[in-house]
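Q: Just passing along the structure, written as structure tokens.
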Amino acid sequence: MLSYVRSAGVRLTRGKHAMPNINNLIKDLPHGPLDAYRKQATFNWKSLKLTLEGEDGVEAQNRIWRIIETHPAFQRTKRSLTLDEARRRCNAQMRVIAENDLFQFSNRHSIYLHQCCLSAAIKFGISRGMVPSALMTLGTEQHQPFLQEIIDGNYTCCFALTEISHGTNTRGMQTTATYDVATKSFILHTPSFEAAKCWVGNLGKSSTHAIVYAQLITPDRTNHGLHPFIVPIRDPETHLPYPRVTVGDMGEKIGLNGIDNGFVIFDNYPIPRICLLNRTADVSESGQYILAVKNERKRFGASLGALSAGRVTITGLCTQCLLLALTIAIRYCAVRKQFGPTPDNELPVIEYQTQQWRIIPHLATLYTMKIFSSNFLNILVEFNLERLSGRNDDWIVDLGVEMHALSSAAKPLCSWLARDAIQDCRESCGGHGYLKMSRLGDLRAENDANCTYEGENNVLIQQTSNWLLTQWANVINGQSVQSPLHTIDFIGAKEIFNMRFNQTTVEDTMRVENLLEAFKWLVCYYLKKTYERVKNLKASGMTDFDARNNSQSFLARTLSLVYAEHVLIAEFVKTLKDPKWKANEREVLTKLCSLFAAVTLEKRMGDLYAGGYASPNSNIDGFLREGIITLCKELASDAVALIDVLAPPDFVVNSPLGMSDGQVYKHMKEWIFENKENFERPSWWREIRPKL
């Protein structure tokens, strides 16, 4: 899985010679209440960190943390900021990121920025990552001046696709770009407020330019569909909107308020002809529509791949949000004591089975998402490099289409997994987790956006099932499966449907290879069921649209999720085979992989029985559940060390509940006592007792 791309095979370490530098690269953690669990660990956390992140990754982290720790723009404040203050702070952080070259769209290490300044990292990623990438992959030489101005920091940019009344359904968008021969310009127009481009990150207060998607209309009144344009929005000299452009802010949000999401309305606004990003199609001075890439399939594949960047990145953002929440919850649960076998022997709450069952599976999810999102980002970088090289053959087209399909399922899956995990982390910390100081509420709000932008999850995920059904039709018709990523190579194997659960022990049931086989069966099971459902609905007289619409719940939607779950597990299994791991490292990682797969599979128990994969007397439910409980207990001893591997420094964690020294109550007291308002009489104290 995901091994087809040349750069994806890049080693994450520089070899054994890096090991002697481990203590220089990775600092020791402070002593405290967490020492007991760190001593129980079955592996060396520094060694695992170095092997997992690579020496270059650890060095990149250290460089980022040094700047974040010392620069005033990143110093934490205990009070809530106003909206304007949040925007200004975020802008200041962006400048530091730029001045120190901390963000590079082709560098997987930039993802670490999202742990400490999510708003700034997202804003910077849009302006200096997504927009330049779109200009390079969708534009041509004539757009190089725009690109250079962005690189030099003279232009601030954004990506404007969504409209007030249309988001995921791009075909329904109403903003038009009509070519005018007399002025040799496109006339951008917003016919109503419903067509206003909205939720555009960077646009509310910051952007001077935007990549705007509009319906391209030629002088003969032919609508050629959505096309991208690089559009001046504000005068860089005055930062005021150009005439015929109305631009504003969307207002305060649930979270991520450092990002100025905005809207824009065009009133017959003229832009030069060269503003059209014309790599695949152009309009001549005389108004003739010219296809640079005549093959519609290749145009479609190229555009899909380019638009996958945001969703691929979001899988990494979800991973970072989950990491921070789990760092706080696991360290807290390893310190917090409640009850015990005797009145004077209270146990850390992480020792209780229900607590282990609640949070340890999320630790397995974290490592699974970490491995998958890192490798998926490598694939995106390679895809963009291939596109820039001018390659546009069938392989790159199929790759773009499959990336779109996979990201359309992986983004929903990862954001939902992180959402549910963060909520469990909040609850597992009890009342203290509800305090603002815990940071868990902010993390929950920040991750929540991942469930919506770049495609609302329940709508976006339909793109995946459409692609999967197309590939299943290829299998039925004797044609080849188009899967450069090799995520569904197995669906053509007839023996898949003959597979049955035949394990007789917990140990065999929990083997990662056996769990992976069960997911292959599930993917094919749902493919067949969904395909037959759609086929039968069409045979009954339904249109293609209605047939697809009426096969979503319990079928197509589940198919897409099972497919994404399979890919995440398969990628983890492949990673375990890398010879770089020490024996004890591979052992603990295998437990994490097995736990994630088993917990995920246990939720599909009804399908395993109903589909005939498991017989009624197979005891697969008993084996899985016993295996899950056993692994949760075993991994509880390693949980603190596993978090230490991935956790950022304390000033990034920024939660009294999750500091590396485990001094929860000391840090809570400091946090509470630092705010003098907590001890002051309120200005409205006379209103408390009206009779006074």
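In the structure tokens, each chain is lettered A, B, ... as it comes, each chain's residues begin at 1, and ligands are numbered from 1 in order of appearance.
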Quick one: residues within 7 Å of region 413-427 of chain A, only C-alpha atoms counted, chain neighbours fewer than 3 positions away excluded, as a count of residues only?
A: 21
Q: Pull the closest atom pair for each residue of region 512-579 of chain A that gets at most 9 Å from region 478-488 of chain A, along with the distance in Å to one decimal, counting only C-alpha atoms, ordering rows by chain and then ascending residue number, as JSON lines.
A:
```
{"residue": "A:Lys520", "atom": "CA", "partner": "A:Ile488", "partner_atom": "CA", "distance": 8.7}
{"residue": "A:Val523", "atom": "CA", "partner": "A:Ile488", "partner_atom": "CA", "distance": 8.8}
{"residue": "A:Tyr563", "atom": "CA", "partner": "A:Ile488", "partner_atom": "CA", "distance": 8.4}
{"residue": "A:His566", "atom": "CA", "partner": "A:Thr487", "partner_atom": "CA", "distance": 8.5}
{"residue": "A:Val567", "atom": "CA", "partner": "A:Thr487", "partner_atom": "CA", "distance": 6.3}
{"residue": "A:Ala570", "atom": "CA", "partner": "A:Thr487", "partner_atom": "CA", "distance": 8.6}
```
Q: Could you write out that same residue set with C-alpha atoms as a PDB file, in the first residue's frame?
A:
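Ended up saving to out_26.pdb:
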```pdb
ATOM      1  CA  LYS A 520     -10.160  -7.160   2.666  1.00  0.00           C
ATOM      2  CA  VAL A 523     -14.301  -4.150   1.480  1.00  0.00           C
ATOM      3  CA  TYR A 563     -12.023   1.031   2.518  1.00  0.00           C
ATOM      4  CA  HIS A 566      -8.355  -1.035   5.438  1.00  0.00           C
ATOM      5  CA  VAL A 567      -5.829   1.351   3.890  1.00  0.00           C
ATOM      6  CA  ALA A 570      -2.474  -1.997   5.555  1.00  0.00           C
TER       7      ALA A 570
END
```
Q: If we count only C-alpha atoms, what is near region 249-252 of chain A at a cut-off of 8 Å, once residues fewer than 2 positions away on the same chain are taken out, given as a list in words?
A: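 Selected residues are Leu83, Cys198, Trp199, Leu203, Gly204, Lys205, Val247, Ile254, Asn257, Asp260, Asn261, Gly262 and Phe263 of chain A.
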Q: With N, CA, C and O atoms retained, export the selected residues as a PDB file, in the first residue's frame.
A:
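Output saved as selection-v4.pdb:
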```
ATOM      1  N   LEU A  83     -11.268  39.005  19.043  1.00  0.00           N
ATOM      2  CA  LEU A  83     -11.126  38.527  17.672  1.00  0.00           C
ATOM      3  C   LEU A  83     -10.000  39.259  16.958  1.00  0.00           C
ATOM      4  O   LEU A  83      -9.173  38.646  16.263  1.00  0.00           O
ATOM      5  N   CYS A 198     -17.271  32.187  -0.016  1.00  0.00           N
ATOM      6  CA  CYS A 198     -17.273  32.325   1.441  1.00  0.00           C
ATOM      7  C   CYS A 198     -16.362  31.296   2.103  1.00  0.00           C
ATOM      8  O   CYS A 198     -15.855  30.385   1.457  1.00  0.00           O
ATOM      9  N   TRP A 199     -16.199  31.458   3.398  1.00  0.00           N
ATOM     10  CA  TRP A 199     -15.336  30.593   4.214  1.00  0.00           C
ATOM     11  C   TRP A 199     -13.906  30.544   3.667  1.00  0.00           C
ATOM     12  O   TRP A 199     -13.195  29.558   3.849  1.00  0.00           O
ATOM     13  N   LEU A 203      -8.984  35.501   3.669  1.00  0.00           N
ATOM     14  CA  LEU A 203      -9.638  36.546   2.885  1.00  0.00           C
ATOM     15  C   LEU A 203     -10.233  37.661   3.740  1.00  0.00           C
ATOM     16  O   LEU A 203     -10.251  38.828   3.345  1.00  0.00           O
ATOM     17  N   GLY A 204     -10.745  37.321   4.929  1.00  0.00           N
ATOM     18  CA  GLY A 204     -11.486  38.287   5.725  1.00  0.00           C
ATOM     19  C   GLY A 204     -10.751  39.590   5.954  1.00  0.00           C
ATOM     20  O   GLY A 204     -11.319  40.677   5.829  1.00  0.00           O
ATOM     21  N   LYS A 205      -9.469  39.518   6.299  1.00  0.00           N
ATOM     22  CA  LYS A 205      -8.691  40.711   6.615  1.00  0.00           C
ATOM     23  C   LYS A 205      -7.366  40.794   5.860  1.00  0.00           C
ATOM     24  O   LYS A 205      -6.769  41.868   5.797  1.00  0.00           O
ATOM     25  N   VAL A 247     -15.571  42.814  -0.049  1.00  0.00           N
ATOM     26  CA  VAL A 247     -14.927  41.735   0.696  1.00  0.00           C
ATOM     27  C   VAL A 247     -15.123  41.984   2.194  1.00  0.00           C
ATOM     28  O   VAL A 247     -15.055  43.122   2.661  1.00  0.00           O
ATOM     29  N   ILE A 254     -16.319  29.009  16.191  1.00  0.00           N
ATOM     30  CA  ILE A 254     -16.190  28.166  17.378  1.00  0.00           C
ATOM     31  C   ILE A 254     -14.729  28.053  17.797  1.00  0.00           C
ATOM     32  O   ILE A 254     -14.396  27.994  18.979  1.00  0.00           O
ATOM     33  N   ASN A 257      -9.838  31.063  15.525  1.00  0.00           N
ATOM     34  CA  ASN A 257     -10.176  32.447  15.239  1.00  0.00           C
ATOM     35  C   ASN A 257      -8.989  33.296  14.811  1.00  0.00           C
ATOM     36  O   ASN A 257      -9.166  34.464  14.467  1.00  0.00           O
ATOM     37  N   ASP A 260      -8.766  34.389   9.418  1.00  0.00           N
ATOM     38  CA  ASP A 260      -9.796  35.343   9.020  1.00  0.00           C
ATOM     39  C   ASP A 260     -10.560  34.809   7.805  1.00  0.00           C
ATOM     40  O   ASP A 260     -10.279  35.162   6.674  1.00  0.00           O
ATOM     41  N   ASN A 261     -11.528  33.943   8.075  1.00  0.00           N
ATOM     42  CA  ASN A 261     -12.363  33.427   6.995  1.00  0.00           C
ATOM     43  C   ASN A 261     -13.261  34.541   6.467  1.00  0.00           C
ATOM     44  O   ASN A 261     -13.957  35.202   7.240  1.00  0.00           O
ATOM     45  N   GLY A 262     -13.249  34.735   5.161  1.00  0.00           N
ATOM     46  CA  GLY A 262     -13.988  35.849   4.591  1.00  0.00           C
ATOM     47  C   GLY A 262     -14.886  35.468   3.444  1.00  0.00           C
ATOM     48  O   GLY A 262     -14.979  34.304   3.051  1.00  0.00           O
ATOM     49  N   PHE A 263     -15.580  36.492   2.916  1.00  0.00           N
ATOM     50  CA  PHE A 263     -16.430  36.311   1.738  1.00  0.00           C
ATOM     51  C   PHE A 263     -16.103  37.427   0.751  1.00  0.00           C
ATOM     52  O   PHE A 263     -15.558  38.480   1.108  1.00  0.00           O
TER      53      PHE A 263
END
```
Q: Measuring atom to atom with only C-alpha atoms, identify which of A:Gln353, A:Asn44, A:Gln61, A:Thr168 is nearest to Ile111 (chain A).
A: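 When distances to Ile111 (chain A) are compared using only C-alpha atoms, the smallest one comes from A:Gln61.
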Q: Taking the DSSP secondary structure from the backbone, can you list the residues of region 328-457 of chain A that are strand (DSSP E), as JSON, numbers by chain?
A: {"A": [337, 338, 339, 340, 341, 342, 345, 346, 347, 348]}
Q: Mind giving me the straight-line distance from CA of Ser373 (chain A) to CA of Cys321 (chain A) in Å, one decimal?
A: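 Between these atoms lies a distance of 13.0 Å.
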Q: I'd like to know which of A:Asp508, A:Glu237, A:Asp489, A:Glu351 is closest to Tyr37 (chain A), using only C-alpha atoms.
A: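 Going through A:Asp508, A:Glu237, A:Asp489, A:Glu351 one by one, the smallest distance to Tyr37 (chain A) is for A:Glu351.
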Q: Could you build a table of the residues in region 67-170 of chain A lying no more than 7 Å from region 211-220 of chain A, giving for each the nearest pair of atoms and their separation in Å rounded to one decimal place, using only C-alpha atoms, ordered by chain and ascending residue number, as a Markdown table?
A:
```
| residue | atom | partner | partner_atom | distance |
| --- | --- | --- | --- | --- |
| A:Cys158 | CA | A:Ile211 | CA | 6.3 |
| A:Phe159 | CA | A:Ile211 | CA | 4.9 |
| A:Ala160 | CA | A:Val212 | CA | 4.8 |
| A:Leu161 | CA | A:Tyr213 | CA | 5.4 |
```
Q: Could you tell me which of A:Leu406, A:Ile151, A:Val245, A:Val475 comes closest to Pro270 (chain A) if we count only C-alpha atoms?
A: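 Among the listed residues, the smallest separation from Pro270 (chain A) belongs to A:Val245.
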Q: Neighbouring residues of Phe74 (chain A) were defined as those with any atom within 9 Å, considering only C-alpha atoms; residues of the same chain fewer than 4 positions away were excluded. Please report them as a PyMOL selection string.
A: chain A and resi 67-70+89+92-93+116-117
Q: Looking at A:Phe679, A:Phe596, A:Tyr526, A:Phe193, which one is nearest to Ile360 (chain A), with distances taken over only C-alpha atoms?
A: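 Among the listed residues, A:Phe596 lies closest to Ile360 (chain A).
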Q: If we count only C-alpha atoms, what is near region 631-634 of chain A at a cut-off of 8 Å, once residues fewer than 2 positions away on the same chain are taken out, given as a list in words?
A: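 Using only C-alpha atoms, the neighbours found are Glu351, Gln353, Gln356, Trp357, Ile360, Pro361, Lys591, Leu595, Gly627, Ile628, Ile629, Ala636, Ser637 and Asp638 of chain A.
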Q: Show which residues sit within 10 Å of Ala210 (chain A), as a list in words. Count only C-alpha atoms, and ignore same-chain residues fewer than 5 positions away.
A: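 With the cut-off at 10 Å, the set is Ser127, Val131, Tyr155, Thr156, Cys157, Cys158, Phe159, Ala160, Leu161, Val200, Asn202, Leu203, Pro228, Phe229, Ile230, Val231, Pro232, Ile233, Arg234 and Val264 of chain A.
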Q: For Ala182 (chain A), which residue out of A:Gly201, A:Pro33, A:Gly431, A:Gly287 is the nearest one, using only C-alpha atoms?
A: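 Smallest distance to Ala182 (chain A) is found for A:Gly287.
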Q: Quick one: everything within 7 Å of Val335 (chain A), counting only C-alpha atoms, minus sequence neighbours fewer than 5 positions away in the same chain. Send it as a ChimeraX atom specification.
A: /A:33-34,348,662
Q: Can you write out the residues you just picked, keeping C-alpha atoms, as a PDB file, in the first residue's frame?
A:
```
ATOM      1  CA  PRO A  33       5.025  11.183  39.276  1.00  0.00           C
ATOM      2  CA  LEU A  34       5.240   9.773  35.747  1.00  0.00           C
ATOM      3  CA  PRO A 348      -3.928   5.853  39.058  1.00  0.00           C
ATOM      4  CA  GLY A 662       3.431  14.927  35.854  1.00  0.00           C
TER       5      GLY A 662
END
```
Q: Just how far from CA of Ala121 (chain A) is CA of Lys436 (chain A), in Å to one decimal?
A: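 Atom-to-atom, CA of Lys436 (chain A) to CA of Ala121 (chain A), that is 22.2 Å.
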Q: From a DSSP calculation on the backbone, collect every residue of region 430-487 of chain A in helix (DSSP H, G or I) and output the set as JSON, numbers by chain.
A: {"A": [430, 431, 432, 433, 434, 436, 437, 438, 440, 441, 442, 443, 444, 445, 446, 447, 448, 449, 450, 451, 457, 458, 459, 460, 461, 462, 463, 464, 465, 466, 467, 468, 469, 470, 471, 472, 473, 474, 475, 476]}
Q: Just how far from CA of Thr365 (chain A) is CA of Asn457 (chain A), in Å to one decimal?
A: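 For CA of Asn457 (chain A) relative to CA of Thr365 (chain A), the distance reads 18.8 Å.
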